[in-house]
file start30.cif (mmCIF, C-alpha atoms and all ligand atoms)
data_run
loop_
_atom_site.label_atom_id
_atom_site.label_comp_id
_atom_site.auth_asym_id
_atom_site.auth_seq_id
_atom_site.Cartn_x
_atom_site.Cartn_y
_atom_site.Cartn_z
CA MET D 21 -21.88 7.67 -16.09
CA LEU D 22 -18.95 5.40 -16.59
CA SER D 23 -17.41 4.78 -19.93
CA ILE D 24 -14.24 2.75 -19.51
CA LYS D 25 -12.03 3.49 -22.45
CA THR D 26 -10.65 0.28 -23.80
CA GLU D 27 -8.42 1.46 -26.61
CA TYR D 28 -4.85 0.43 -25.88
CA PRO D 29 -2.05 2.74 -26.90
CA SER D 30 0.01 -0.40 -27.51
CA LYS D 31 -2.05 -1.16 -30.61
CA ARG D 32 -0.76 1.99 -32.21
CA ARG D 33 2.55 2.10 -34.01
CA SER D 34 4.46 5.23 -34.82
CA LEU D 35 5.40 5.88 -38.45
CA LYS D 36 9.02 5.38 -37.45
CA GLU D 37 8.28 1.89 -36.23
CA LEU D 38 6.25 0.98 -39.30
CA LYS D 39 9.17 2.02 -41.47
CA GLY D 40 11.45 -0.20 -39.39
CA GLU D 41 13.40 2.74 -38.02
CA LYS D 42 15.09 2.77 -34.65
CA GLU D 43 12.78 2.66 -31.64
CA MET D 44 13.18 5.87 -29.70
CA ASN D 45 11.36 4.97 -26.50
CA SER D 46 13.39 4.72 -23.31
CA ILE D 47 12.91 3.07 -19.94
CA LEU D 48 14.80 4.50 -17.00
CA VAL D 49 15.29 2.53 -13.78
CA GLY D 50 17.35 2.71 -10.60
CA LEU D 51 19.95 -0.03 -10.15
CA GLN D 52 20.26 0.09 -6.35
CA TRP D 53 17.73 0.42 -3.50
CA GLY D 54 16.12 3.60 -4.84
CA ASP D 55 17.11 7.28 -4.56
CA GLU D 56 19.74 7.00 -7.29
CA GLY D 57 18.83 10.42 -8.68
CA LYS D 58 16.45 9.14 -11.34
CA GLY D 59 14.24 12.26 -11.32
CA LYS D 60 17.11 14.48 -12.33
CA VAL D 61 18.12 12.18 -15.22
CA VAL D 62 14.47 11.91 -16.32
CA GLN D 63 14.33 15.68 -16.43
CA LYS D 64 17.40 15.78 -18.65
CA LEU D 65 16.02 13.09 -20.99
CA SER D 66 12.60 14.72 -21.00
CA ARG D 67 14.01 17.24 -23.50
CA ILE D 68 14.18 14.57 -26.19
CA ASN D 69 10.91 12.86 -25.28
CA ASP D 70 7.30 13.82 -25.81
CA TRP D 71 5.68 11.66 -23.16
CA ILE D 72 6.84 10.82 -19.65
CA VAL D 73 5.02 7.79 -18.30
CA ARG D 74 4.83 6.31 -14.82
CA PHE D 75 4.18 2.57 -14.77
CA SER D 76 4.88 1.46 -11.21
CA GLY D 77 5.35 2.54 -7.60
CA GLY D 78 3.13 5.02 -5.87
CA PRO D 79 3.46 7.88 -3.39
CA ASN D 80 6.30 5.97 -1.70
CA ALA D 81 8.47 7.41 -4.48
CA GLY D 82 10.17 10.78 -4.07
CA HIS D 83 11.93 12.16 -7.13
CA THR D 84 13.57 15.50 -6.45
CA VAL D 85 13.98 17.78 -9.47
CA TYR D 86 14.57 21.48 -9.98
CA HIS D 87 12.19 23.24 -12.38
CA ASP D 88 13.56 26.69 -13.24
CA GLY D 89 15.60 26.59 -10.04
CA LYS D 90 12.57 25.67 -7.91
CA LYS D 91 12.82 22.41 -5.96
CA MET D 92 9.96 20.00 -6.50
CA VAL D 93 9.58 16.50 -5.07
CA HIS D 94 7.53 14.31 -7.38
CA HIS D 95 5.61 11.48 -5.78
CA LEU D 96 3.06 10.61 -8.46
CA LEU D 97 3.40 13.02 -11.35
CA PRO D 98 6.14 12.06 -13.81
CA SER D 99 9.22 14.31 -13.53
CA GLY D 100 8.87 15.92 -16.98
CA THR D 101 9.07 19.58 -17.85
CA ASN D 102 6.66 21.93 -19.63
CA ARG D 103 7.13 20.38 -23.06
CA ASN D 104 6.00 16.91 -21.95
CA LYS D 105 2.70 15.12 -21.81
CA LEU D 106 2.44 13.23 -18.54
CA PHE D 107 0.71 9.89 -18.11
CA VAL D 108 0.23 7.87 -14.94
CA GLY D 109 -0.22 4.29 -16.13
CA ARG D 110 -2.26 1.58 -14.48
CA GLY D 111 0.68 -0.03 -12.70
CA THR D 112 0.93 3.02 -10.43
CA LEU D 113 -0.77 3.07 -7.03
CA VAL D 114 -2.53 6.38 -6.47
CA ASP D 115 -3.19 8.36 -3.33
CA LEU D 116 -5.61 10.98 -4.64
CA LYS D 117 -4.89 13.60 -1.98
CA ILE D 118 -1.13 13.38 -2.57
CA LEU D 119 -1.71 13.55 -6.34
CA ASN D 120 -3.90 16.64 -6.08
CA ASP D 121 -1.49 18.40 -3.72
CA GLU D 122 1.30 17.68 -6.21
CA ILE D 123 -0.73 19.01 -9.13
CA ASP D 124 -1.39 22.22 -7.16
CA GLU D 125 2.28 22.53 -6.28
CA MET D 126 3.44 21.94 -9.85
CA SER D 127 0.81 24.31 -11.25
CA LYS D 128 2.63 27.12 -9.47
CA ILE D 129 5.60 26.42 -11.77
CA TYR D 130 3.77 25.40 -14.99
CA ASP D 131 0.19 26.62 -15.11
CA ASP D 132 -0.85 24.13 -17.82
CA VAL D 133 -0.04 20.94 -15.90
CA LYS D 134 -3.69 19.86 -15.74
CA LYS D 135 -3.91 20.10 -19.53
CA ARG D 136 -0.87 17.91 -20.08
CA PHE D 137 -1.72 15.19 -17.61
CA THR D 138 -3.75 11.98 -17.95
CA ILE D 139 -4.22 9.05 -15.61
CA SER D 140 -5.44 5.54 -16.34
CA SER D 141 -8.88 4.60 -15.05
CA TRP D 142 -7.36 1.24 -14.07
CA CYS D 143 -5.04 2.72 -11.44
CA ARG D 144 -5.41 1.21 -8.00
CA ILE D 145 -6.43 3.63 -5.26
CA ILE D 146 -4.84 3.83 -1.83
CA THR D 147 -7.34 4.54 0.96
CA SER D 148 -6.74 5.56 4.58
CA ILE D 149 -7.64 1.93 5.41
CA ASP D 150 -4.54 0.78 3.51
CA ARG D 151 -2.30 3.34 5.20
CA LYS D 152 -3.53 2.14 8.60
CA LEU D 153 -3.05 -1.50 7.61
CA ASP D 154 0.48 -0.73 6.46
CA LEU D 155 1.40 0.63 9.91
CA SER D 156 -0.46 -2.14 11.71
CA PHE D 157 1.22 -4.95 9.71
CA GLU D 158 4.61 -3.36 10.31
CA LYS D 159 3.99 -3.45 14.09
CA MET D 160 2.78 -7.06 13.94
CA LYS D 161 5.95 -8.10 12.11
CA GLU D 162 8.06 -6.94 15.09
CA ASP D 163 11.74 -7.57 14.26
CA ARG D 164 10.79 -8.62 10.70
CA SER D 165 9.32 -5.22 9.87
CA ILE D 166 10.43 -3.73 6.55
CA GLY D 167 10.53 -0.06 7.50
CA THR D 168 7.97 0.83 4.83
CA THR D 169 7.20 4.42 3.90
CA GLY D 170 3.79 3.99 5.57
CA ARG D 171 2.02 5.06 2.37
CA GLY D 172 -0.22 1.96 2.18
CA ILE D 173 1.69 0.34 -0.69
CA GLY D 174 1.72 -3.33 0.45
CA PRO D 175 -1.93 -3.49 1.56
CA THR D 176 -3.13 -1.85 -1.67
CA VAL D 177 -1.33 -4.48 -3.73
CA SER D 178 -2.66 -7.26 -1.51
CA ASN D 179 -6.24 -5.94 -1.93
CA ASP D 180 -5.65 -6.33 -5.59
CA ALA D 181 -4.49 -9.93 -5.18
CA ASN D 182 -7.54 -10.57 -2.99
CA ARG D 183 -9.76 -9.03 -5.69
CA ILE D 184 -11.18 -6.43 -3.28
CA GLY D 185 -9.19 -3.43 -4.55
CA ILE D 186 -10.59 -0.08 -5.65
CA ARG D 187 -9.74 1.32 -9.06
CA LEU D 188 -10.26 4.80 -10.43
CA PHE D 189 -13.13 3.64 -12.63
CA ASP D 190 -15.05 2.56 -9.52
CA PHE D 191 -15.61 6.22 -8.66
CA PHE D 192 -17.85 6.69 -11.68
CA ASP D 193 -20.55 4.56 -10.02
CA GLU D 194 -20.94 6.00 -6.53
CA THR D 195 -23.26 3.28 -5.19
CA SER D 196 -20.95 0.48 -6.12
CA PHE D 197 -17.91 2.50 -5.03
CA SER D 198 -19.42 3.03 -1.54
CA LYS D 199 -20.13 -0.68 -1.26
CA LYS D 200 -16.54 -1.52 -2.12
CA ILE D 201 -15.19 0.84 0.54
CA LYS D 202 -17.51 -0.80 3.09
CA TYR D 203 -16.18 -4.21 2.10
CA LEU D 204 -12.64 -3.04 2.49
CA ALA D 205 -13.34 -1.56 5.93
CA ASN D 206 -14.93 -4.85 7.07
CA PHE D 207 -12.00 -6.82 5.78
CA ALA D 208 -9.54 -4.62 7.66
CA LYS D 209 -11.56 -4.35 10.91
CA PRO D 210 -9.75 -7.17 12.78
CA PHE D 211 -6.47 -5.31 12.25
CA ILE D 212 -7.33 -1.61 12.50
CA GLY D 213 -10.74 -1.53 14.22
CA MET D 214 -13.74 0.50 12.99
CA ILE D 215 -13.23 3.43 10.69
CA ASP D 216 -15.66 6.18 9.72
CA VAL D 217 -16.72 4.75 6.35
CA GLU D 218 -18.92 7.69 5.35
CA GLU D 219 -16.11 10.13 5.93
CA GLU D 220 -13.70 7.98 3.95
CA ILE D 221 -16.13 7.77 1.02
CA ASN D 222 -16.78 11.51 1.01
CA SER D 223 -13.17 12.55 1.23
CA LEU D 224 -12.14 10.16 -1.57
CA LEU D 225 -14.98 11.37 -3.80
CA LYS D 226 -14.01 14.97 -3.17
CA GLU D 227 -10.43 14.30 -4.26
CA PHE D 228 -11.56 12.22 -7.26
CA ARG D 229 -13.73 15.03 -8.63
CA LYS D 230 -10.68 17.26 -8.94
CA ILE D 231 -9.05 14.91 -11.47
CA GLU D 232 -12.14 13.31 -13.01
CA ASP D 233 -11.55 15.05 -16.36
CA ASN D 234 -7.98 13.75 -16.56
CA VAL D 235 -8.95 10.09 -16.42
CA SER D 236 -8.34 8.36 -19.77
CA GLU D 237 -6.02 6.13 -21.76
CA PRO D 238 -4.28 8.67 -23.97
CA PHE D 239 -3.40 8.42 -27.62
CA ILE D 240 0.39 8.25 -27.59
CA ALA D 241 2.38 9.79 -30.42
CA GLY D 242 6.05 10.56 -30.26
CA ASN D 243 8.90 9.39 -28.05
CA VAL D 244 8.02 7.93 -24.68
CA LEU D 245 10.20 7.88 -21.59
CA PHE D 246 9.08 5.36 -18.99
CA GLU D 247 10.06 6.65 -15.55
CA GLY D 248 10.86 3.82 -13.15
CA THR D 249 10.55 4.13 -9.40
CA GLN D 250 12.51 2.77 -6.43
CA GLY D 251 15.33 0.48 -7.60
CA VAL D 252 15.84 -2.98 -9.05
CA LEU D 253 17.01 -4.30 -5.66
CA LEU D 254 13.61 -3.34 -4.20
CA ASP D 255 11.70 -5.35 -6.80
CA PRO D 256 9.30 -7.80 -5.09
CA MET D 257 10.33 -10.68 -7.37
CA TYR D 258 13.98 -9.96 -8.19
CA GLY D 259 15.12 -7.81 -5.26
CA THR D 260 16.25 -8.47 -1.70
CA TYR D 261 12.96 -10.10 -0.69
CA PRO D 262 11.31 -9.72 1.80
CA TYR D 263 12.94 -6.30 2.25
CA VAL D 264 11.42 -4.89 -0.92
CA THR D 265 8.51 -2.77 -2.10
CA SER D 266 5.32 -4.29 -3.53
CA THR D 267 5.21 -3.11 -7.15
CA PRO D 268 7.75 -4.23 -9.76
CA THR D 269 10.71 -1.96 -10.39
CA VAL D 270 12.36 -3.79 -13.30
CA PRO D 271 12.19 -2.42 -16.88
CA SER D 272 10.27 -5.45 -18.13
CA PHE D 273 7.27 -4.12 -16.18
CA ALA D 274 7.11 -0.91 -18.25
CA SER D 275 4.76 -2.35 -20.91
CA TYR D 276 2.62 -4.25 -18.44
CA GLY D 277 2.31 -1.33 -16.04
CA SER D 278 1.46 1.24 -18.70
CA GLY D 279 -0.34 -0.55 -21.53
CA ILE D 280 2.16 0.99 -23.94
CA GLN D 281 4.43 -1.17 -26.03
CA ALA D 282 7.94 -0.84 -24.59
CA ASP D 283 9.65 -4.07 -25.62
CA ARG D 284 12.20 -2.42 -27.87
CA ALA D 285 12.84 0.63 -25.73
CA GLU D 286 16.41 1.54 -24.79
CA LYS D 287 17.13 0.98 -21.15
CA TRP D 288 18.80 3.53 -18.93
CA GLY D 289 20.22 2.42 -15.58
CA VAL D 290 20.99 5.02 -12.93
CA PHE D 291 23.23 4.37 -9.93
CA LYS D 292 25.04 6.40 -7.30
CA ALA D 293 28.82 6.40 -6.80
CA TYR D 294 27.99 4.92 -3.41
CA VAL D 295 24.89 3.14 -2.08
CA THR D 296 22.02 4.16 0.17
CA ARG D 297 19.10 2.28 1.59
CA VAL D 298 16.08 3.44 3.59
CA GLY D 299 14.26 1.01 5.81
CA ALA D 300 15.36 -2.44 6.94
CA GLY D 301 17.18 -5.22 5.11
CA PRO D 302 20.70 -6.45 4.44
CA PHE D 303 23.24 -3.86 3.34
CA PRO D 304 26.67 -5.52 3.40
CA THR D 305 28.70 -2.41 2.45
CA GLU D 306 26.97 -0.16 4.98
CA LEU D 307 29.20 2.34 6.77
CA SER D 308 27.88 2.82 10.26
CA GLY D 309 30.64 5.10 11.58
CA GLU D 310 31.94 8.52 10.70
CA GLU D 311 32.42 7.83 6.98
CA GLY D 312 28.72 7.00 6.63
CA GLU D 313 27.86 10.19 8.46
CA ILE D 314 30.04 12.28 6.13
CA ILE D 315 28.40 10.80 3.02
CA ARG D 316 24.91 11.29 4.50
CA LYS D 317 25.58 14.95 5.22
CA ARG D 318 27.34 15.78 1.97
CA GLY D 319 24.91 13.84 -0.16
CA ASP D 320 21.90 15.18 1.77
CA GLU D 321 20.83 11.57 2.19
CA PHE D 322 17.48 12.00 3.91
CA GLY D 323 14.30 10.46 2.49
CA ALA D 324 12.45 12.77 0.07
CA THR D 325 9.15 11.14 1.09
CA THR D 326 9.61 10.38 4.79
CA GLY D 327 12.60 12.53 5.83
CA ARG D 328 14.27 9.44 7.35
CA PRO D 329 18.09 9.42 7.35
CA ARG D 330 19.27 7.05 4.63
CA ARG D 331 21.76 4.33 5.48
CA CYS D 332 24.96 4.93 3.48
CA GLY D 333 27.73 2.63 2.27
CA TRP D 334 30.28 1.88 -0.43
CA ILE D 335 29.31 0.95 -3.96
CA ASP D 336 28.49 -2.73 -4.36
CA LEU D 337 29.74 -4.05 -7.70
CA PRO D 338 28.30 -7.60 -7.60
CA LEU D 339 24.83 -6.22 -6.82
CA LEU D 340 25.19 -3.47 -9.40
CA LYS D 341 26.18 -6.01 -12.04
CA TYR D 342 23.26 -8.22 -11.04
CA ALA D 343 20.82 -5.29 -11.45
CA SER D 344 22.40 -4.12 -14.72
CA ASP D 345 22.45 -7.61 -16.29
CA LEU D 346 18.93 -8.42 -15.14
CA SER D 347 17.67 -5.18 -16.66
CA ASN D 348 19.67 -5.55 -19.85
CA ILE D 349 20.81 -1.94 -19.53
CA ASP D 350 21.96 -0.03 -22.63
CA HIS D 351 23.04 3.24 -21.00
CA LEU D 352 24.65 3.58 -17.58
CA VAL D 353 24.50 6.85 -15.64
CA MET D 354 26.47 7.48 -12.45
CA THR D 355 25.14 10.15 -10.09
CA LYS D 356 26.43 12.02 -7.04
CA ALA D 357 30.06 11.31 -7.88
CA ASP D 358 30.95 14.72 -6.41
CA VAL D 359 29.75 13.67 -2.94
CA LEU D 360 32.87 11.52 -2.53
CA ASN D 361 35.28 14.33 -3.52
CA GLY D 362 38.03 14.77 -0.95
CA LEU D 363 37.82 11.32 0.69
CA GLU D 364 41.21 9.71 1.20
CA LYS D 365 40.09 6.32 -0.09
CA VAL D 366 36.90 5.02 -1.63
CA GLY D 367 35.68 1.48 -1.04
CA MET D 368 33.87 -0.96 -3.28
CA CYS D 369 32.58 -4.47 -2.73
CA THR D 370 34.11 -6.71 -5.39
CA SER D 371 32.98 -10.18 -4.34
CA TYR D 372 30.60 -12.22 -2.22
CA GLY D 373 32.41 -15.49 -2.85
CA ASP D 374 29.92 -18.14 -3.90
CA THR D 375 26.88 -16.43 -2.32
CA THR D 376 23.71 -16.55 -4.41
CA LEU D 377 22.67 -12.97 -5.11
CA PRO D 378 20.60 -11.27 -3.98
CA TYR D 379 19.05 -13.83 -1.63
CA GLU D 380 21.82 -14.78 0.77
CA LEU D 381 23.09 -11.32 1.56
CA GLU D 382 22.34 -11.39 5.27
CA ASN D 383 25.41 -13.39 6.34
CA ALA D 384 27.47 -13.01 3.19
CA SER D 385 31.20 -12.44 3.49
CA VAL D 386 32.02 -9.22 1.72
CA ARG D 387 35.28 -8.56 -0.04
CA LEU D 388 36.02 -4.85 0.05
CA GLU D 389 38.71 -3.19 -2.03
CA TYR D 390 39.81 0.42 -1.90
CA THR D 391 40.81 2.83 -4.55
CA LYS D 392 42.63 6.12 -3.99
CA GLY D 393 40.25 9.03 -3.39
CA TRP D 394 40.06 12.10 -5.63
CA LYS D 395 39.84 15.82 -5.03
CA LYS D 396 37.94 16.63 -8.20
CA LEU D 397 36.16 14.62 -10.86
CA ASP D 398 38.55 15.83 -13.49
CA SER D 399 41.36 13.63 -12.16
CA ARG D 400 43.17 10.38 -12.84
CA GLU D 401 42.00 8.91 -9.53
CA PHE D 402 38.35 9.40 -10.47
CA ASP D 403 38.98 7.93 -13.91
CA ASP D 404 40.48 4.86 -12.21
CA PHE D 405 37.35 4.50 -10.08
CA ILE D 406 35.12 4.72 -13.18
CA SER D 407 37.29 2.23 -15.07
CA ALA D 408 37.15 -0.29 -12.20
CA ILE D 409 33.34 -0.16 -12.26
CA GLU D 410 33.11 -0.37 -16.05
CA LYS D 411 35.44 -3.35 -16.10
CA TYR D 412 33.38 -5.15 -13.47
CA ILE D 413 29.96 -4.41 -14.99
CA GLY D 414 31.17 -4.93 -18.55
CA LYS D 415 29.53 -1.72 -19.75
CA LYS D 416 30.61 1.84 -20.29
CA ILE D 417 29.40 4.58 -17.96
CA GLU D 418 28.05 7.09 -20.46
CA TYR D 419 27.12 10.00 -18.20
CA VAL D 420 28.30 11.28 -14.84
CA SER D 421 26.08 13.59 -12.82
CA PHE D 422 27.74 15.84 -10.28
CA GLY D 423 25.02 18.03 -8.76
CA PRO D 424 21.24 18.38 -8.49
CA LYS D 425 20.77 20.89 -11.32
CA GLU D 426 19.68 19.72 -14.74
CA GLU D 427 22.87 20.95 -16.42
CA GLU D 428 25.16 19.25 -13.88
CA ILE D 429 25.63 16.10 -15.93
CA LYS D 430 28.31 15.32 -18.51
CA PRO D 431 28.85 12.62 -21.10
CA ARG D 432 32.08 10.67 -20.65
P1 LIG Q 1 6.97 0.52 0.83
O1 LIG Q 1 7.26 0.69 -0.61
O2 LIG Q 1 6.48 1.78 1.49
O3 LIG Q 1 6.12 -0.65 1.13
O4 LIG Q 1 8.39 0.22 1.56
C1 LIG Q 1 9.11 -0.99 1.34
C2 LIG Q 1 10.61 -0.73 1.35
O5 LIG Q 1 10.96 -0.01 0.19
C3 LIG Q 1 11.10 0.11 2.54
O6 LIG Q 1 12.39 -0.30 2.89
C4 LIG Q 1 11.15 1.51 1.95
O7 LIG Q 1 12.05 2.35 2.63
C5 LIG Q 1 11.61 1.22 0.54
N1 LIG Q 1 11.20 2.24 -0.42
C6 LIG Q 1 9.97 2.42 -0.96
N2 LIG Q 1 9.97 3.43 -1.83
C7 LIG Q 1 11.22 3.91 -1.85
C8 LIG Q 1 11.86 4.95 -2.60
O8 LIG Q 1 11.26 5.65 -3.42
N3 LIG Q 1 13.18 5.14 -2.35
C9 LIG Q 1 13.88 4.36 -1.48
N4 LIG Q 1 13.33 3.37 -0.77
C10 LIG Q 1 12.01 3.15 -0.96
MG MG Q 2 13.61 8.99 -3.85
#

call {"tool": "encode", "arguments": {"input": "start30.cif", "output": "structure tokens", "more": "lines below"}}
Ligand code: IMP
Ligand code: MG
result
Amino acid sequence: MLSIKTEYPSKRRSLKELKGEKEMNSILVGLQWGDEGKGKVVQKLSRINDWIVRFSGGPNAGHTVYHDGKKMVHHLLPSGTNRNKLFVGRGTLVDLKILNDEIDEMSKIYDDVKKRFTISSWCRIITSIDRKLDLSFEKMKEDRSIGTTGRGIGPTVSNDANRIGIRLFDFFDETSFSKKIKYLANFAKPFIGMIDVEEEINSLLKEFRKIEDNVSEPFIAGNVLFEGTQGVLLDPMYGTYPYVTSTPTVPSFASYGSGIQADRAEKWGVFKAYVTRVGAGPFPTELSGEEGEIIRKRGDEFGATTGRPRRCGWIDLPLLKYASDLSNIDHLVMTKADVLNGLEKVGMCTSYGDTTLPYELENASVRLEYTKGWKKLDSREFDDFISAIEKYIGKKIEYVSFGPKEEEIKPR
């Protein structure tokens, strides 16, 4: 029978904190429209952290990392290695089948994953009803469709706002759980028609039983790394609304979405040397011709979750500064700098005039400037590119990543 654990890790303070020593927790977020290479940086930072915590997003996320040379795309499990405890906090939307498949996949690399993993009983559950609603709403929006990942993200969050959502703790009482699924199916019927409710209930219960023993609010001791998902520009409140996702992507959500005190954590902001975007929405520096194609191919810019080709374009300094300032970033990391090696010139947006960011992007007039391209990262031309960005953002770029492997990152 159900026992909802109500102890909050946030009530606990580490000895370090009590002694007034430096907070060692970190929050890592993407500063563009997602796919900045966060997973790889998380993996690097995981070496100096005990816990890796997810606090937002859901199976729409796709963080590609290499564990011992083996490629693994994380959708719901935090991207930590074998020394980390992994916690999926309540701000994360969970598709149980995708979670279990990922646990199986990761267990082939680290056989103790199940022992190191906990998930909050307050997590919201995505059902097949929500996935169908997602596709149906997208169709109904016609030319206003967002190009979602189809993973049921928006509808699951709106169930929550409508107070008809399903949480992990609901599974502990099967009668009430079944009732709630029936409710949800009724609610969705005008949009998606009848669904086989019994089958939905049984398949969800089957998946739940596989992780039942992992459901708890853990006791947190040691350094915590909060792994953000998507990017600041996809935040539903601060991003390029309405072309955004439905769970917050800003660092200030880390405490709220995990239940773990994160106010004094150091903030890491990850961005690519260029910009990509999947799905619809304004993208003023987009390169639709050959240059975009070259970047897409070299950068392997295809969605890790959906396989869709990503739209590619030049780095956008006003938007990057907006995201960095909003997030109060302490450490900047540039990724995929190597992808631009060999281009004759590299563009960057340096102004939108008096446009209010990020809301009036659709018809904004973009000022593009070009810097001389570079053959290798160890060159004056690349240094000039870095300096131009640092000057604009007003912060130093501390690390540059130049390949997918964990060791392919250097301090500057
Ligand atoms: P949703 O999150 O599936 O509702 O999709 C909303 C928008 O966010 C779409 O444009 C998606 O392509 C985009 N999106 C969602 N998750 C990611 C991600 O992990 N990387 C990049 N784009 C994403
Ligand atoms: Mg991704």

call {"tool": "closest_residue", "arguments": {"input": "start30.cif", "among": "D:Lys200, D:Lys90, D:Arg297, D:Lys287", "to": "ligand LIG 1 (chain Q)", "atoms": "all atoms listed in the file"}}
result
D:Arg297

call {"tool": "atom_distance", "arguments": {"input": "start30.cif", "atom1": "atom CA of D:Arg74", "atom2": "atom CA of D:Glu237"}}
result
12.9 Å

call {"tool": "residues_near_ligand", "arguments": {"input": "start30.cif", "ligand": "ligand MG 2 (chain Q)", "cutoff": "6 Å", "atoms": "all atoms listed in the file", "output": "number ranges by chain"}}
result
D: 55, 81-83, 324

call {"tool": "closest_residue", "arguments": {"input": "start30.cif", "among": "D:Leu307, D:Val353, D:Val133, D:Val49", "to": "D:Arg331", "atoms": "only C-alpha atoms"}}
result
D:Leu307

call {"tool": "residues_around", "arguments": {"input": "start30.cif", "residues": "stretch 65-73 of chain D", "least_positions_apart": "4", "cutoff": "10 Å", "atoms": "all atoms listed in the file", "output": "ChimeraX atom specification"}}
result
/D:44-48,59-61,97-109,136-139,240-248,274,277-278,280,426

call {"tool": "closest_residue", "arguments": {"input": "start30.cif", "among": "D:Val114, D:Val264, D:Leu352, D:Leu96", "to": "ligand LIG 1 (chain Q)", "atoms": "only C-alpha atoms and all ligand atoms"}}
result
D:Val264

call {"tool": "atom_distance", "arguments": {"input": "start30.cif", "atom1": "atom CA of D:Tyr390", "atom2": "atom CA of D:Lys430"}}
result
25.1 Å
